[in-house]
Each structure stands twice: as structure tokens, then as C-alpha cells.
Amino acid sequence: MPSALTPDAITPNWLSRCATEVAPDLLGCVLVRQLPDGQILRGVIVETEAYTPGDPACHAYRRRTARNAVMFGPAGWAYVYLIYGMYHCFNVVTDLDGVPSAVLVRALELEALPPWLDSRLDPKRDKLHRVAAGPGKLCRALQIDLSLTMTPLAPGQGLWLERRSPKFQTQLDSGALTFVQTTRIGLTQGADRPWRWYVAESNSVSKR
DNA sequence: TGAAGGATTTGT
DNA sequence: CAAATCCTTCAC
């Protein structure tokens, strides 16, 4: 049943690689959210950051805690945390079981404005391509919160990933789309590591 | 048990 | 550039 509905769903095995490898590979892939009421929201990933063991910026750098425990487990699970008391950030756990690492999904290009959001946004200021441009904003747009952390990314869980569309891959192969690799944003430690990737041509990236 | 601070966002 | 706002972590 799940495979018939989601033929392009990404498997844990594909994510069981170093976060610095998975992060650029996730660009162009689709984050899909199914709300409790059945409504489905989709967005193309256009910006990611990698966090690895031995990385002072990684939440699992010091030791295993209740919050970061999921990062120590197998790939393909969601790691969601609350930042500054008001925004959530969504990560995909990567690498082998026992290797604490993850990819922060920082921005999505939404296919359509979430209907539930539509009524409360100012159409002049909240343009579609900016609604999920930023890790906190994308979680707000897809209604991702702490209830989703430590859950496997799968259709049955209401949150999952799908592979790049043939169109995206073609544009990438032809050079119509290009990736930029640069340093990560907002860090006080490990800010020098060039582990942020984004789609240069996208207007949904959080910052240039 | 408490205090400090954060992988953000927004408005001044 | 500072505020909003609360969970997590670490120190006492």
C-alpha cells in the first residue's frame, strides 16, 4: 500500500551515508507532509546543512541526551527541536546506526500555499516562494513540531521524503540548475565548515 | 533547583 | 540591532 501511493519514497538505506554526502543529494528531493485531517503538503528541498560527529556545532557533539538520542540511531528518522522558544527545526537523521549525524532542512519551494495558512497571510508580503524559506518557517508551513521528533520518515507517520523528479534531475544535468556549497548559518562554533548547500537558481533559499 | 543560551525570525 | 519565548543543558 505505501509503495503504490509513494513510488518515489526515499529509504533509510539511501540516507545511511555521511551527512555531508546526503545533504547535497537531498536538494531537489521532496518533503511531504500529510496533516491529521488528510491534507497533503509538498515542497522541494532547496537548502540543507550537514551536522556530523566531531562537529562542535552538532547537537550530539558532547554526549547523548534525551533530546539528541534519535541522532545516534539509524538513518531515516526525524529529529525536530525547538529553537528560541518559538520555532522548530527539522532534521533528517543520517549515517549508520551509532553514528550521530543529521541534515538540517533549511528551505523548501512549496508547490502551493497551504490552505490552512492562506487565510492568515498577507498576500502582498507573504509570497509563495518565501513561505518556507528558512528552517523555522518551513516547520510552521508544514505544521512540523516536537510531536514528530523521533519518528521514522514514512507515509504512515505523516512525514516522508521522495526522490527528485525527472524534471529536476534533467535541469541539474543540463546545467540549468546548479548547487552552491558554502558555510553554515547562525552558528557560534564550527562556523568555518562549508557544510551548507543550496540551489543557486531558487528564490526560496533562506539567505544568499 | 536555577540560570544561561540557542542550527530563528521579525520589526525598529 | 534587539526582542520574543521556552526547552535543554550544565553548573551548584
# chains A, B, ... in the order shown; residues from 1 in each chain; ligands from 1
call {"tool": "interface_residues", "arguments": {"of": "chain C", "to": "chain A", "cutoff": "9 Å", "atoms": "only C-alpha atoms (C1' of nucleotides)", "output": "list in words"}}
result
DA4, DT5, DC6, DC7 and DT8 of chain C
call {"tool": "write_last_selection", "arguments": {"atoms": "C-alpha atoms (C1' of nucleotides)", "output": "PDB file, in the first residue's frame"}}
result
ATOM      1  C1'  DA C   4      10.101  37.262  21.613  1.00  0.00           C
ATOM      2  C1'  DT C   5       9.841  32.859  24.363  1.00  0.00           C
ATOM      3  C1'  DC C   6      10.751  28.097  26.300  1.00  0.00           C
ATOM      4  C1'  DC C   7      13.221  23.819  26.176  1.00  0.00           C
ATOM      5  C1'  DT C   8      17.719  21.763  27.055  1.00  0.00           C
TER       6       DT C   8
END
call {"tool": "closest_atom_pairs", "arguments": {"of": "chain A", "to": "chain B", "cutoff": "10 Å", "atoms": "only C-alpha atoms (C1' of nucleotides)", "output": "tab-separated table"}}
result
residue	atom	partner	partner_atom	distance
A:Glu49	CA	B:DA7	C1'	8.6
A:Ala50	CA	B:DA7	C1'	9.9
A:Tyr51	CA	B:DA7	C1'	9.0
A:Ala57	CA	B:DA7	C1'	7.6
A:Cys58	CA	B:DA7	C1'	8.1
A:His59	CA	B:DA7	C1'	8.6
A:Tyr81	CA	B:DA7	C1'	9.7
A:Leu82	CA	B:DG6	C1'	9.4
A:Ile83	CA	B:DG6	C1'	6.3
A:Tyr84	CA	B:DG6	C1'	6.1
A:Gly85	CA	B:DG6	C1'	9.1
A:Met86	CA	B:DT8	C1'	8.3
A:Tyr87	CA	B:DT8	C1'	6.6
A:His88	CA	B:DT8	C1'	8.7
A:Cys89	CA	B:DA7	C1'	7.8
A:Phe90	CA	B:DA7	C1'	9.9
A:Asn91	CA	B:DA7	C1'	9.8
A:Leu104	CA	B:DA7	C1'	7.5
A:Arg106	CA	B:DA7	C1'	9.3
A:Gly134	CA	B:DT8	C1'	8.2
A:Pro135	CA	B:DT8	C1'	7.7
A:Gly136	CA	B:DT8	C1'	6.2
A:Lys137	CA	B:DT9	C1'	8.2
A:Arg184	CA	B:DA7	C1'	8.4
A:Ile185	CA	B:DA7	C1'	7.3
A:Gly186	CA	B:DA7	C1'	6.5
A:Leu187	CA	B:DA7	C1'	6.5
A:Thr188	CA	B:DG6	C1'	9.5
call {"tool": "atom_distance", "arguments": {"atom1": "CA of Ala112 (chain A)", "atom2": "CA of Val30 (chain A)"}}
result
13.2 Å
call {"tool": "select_by_dssp", "arguments": {"residues": "region 60-187 of chain A", "states": "helix (DSSP H, G or I)", "output": "number ranges by chain"}}
result
A: 68-72, 115-118, 128-130, 135-142, 146-148, 155-157, 166-174
call {"tool": "atom_distance", "arguments": {"atom1": "CA of Leu159 (chain A)", "atom2": "CA of Asp126 (chain A)"}}
result
24.2 Å
call {"tool": "select_by_dssp", "arguments": {"residues": "region 23-152 of chain A", "states": "strand (DSSP E or B)", "output": "ChimeraX atom specification"}}
result
/A:30-34,40-51,77-83,87-93,102-110,133,152
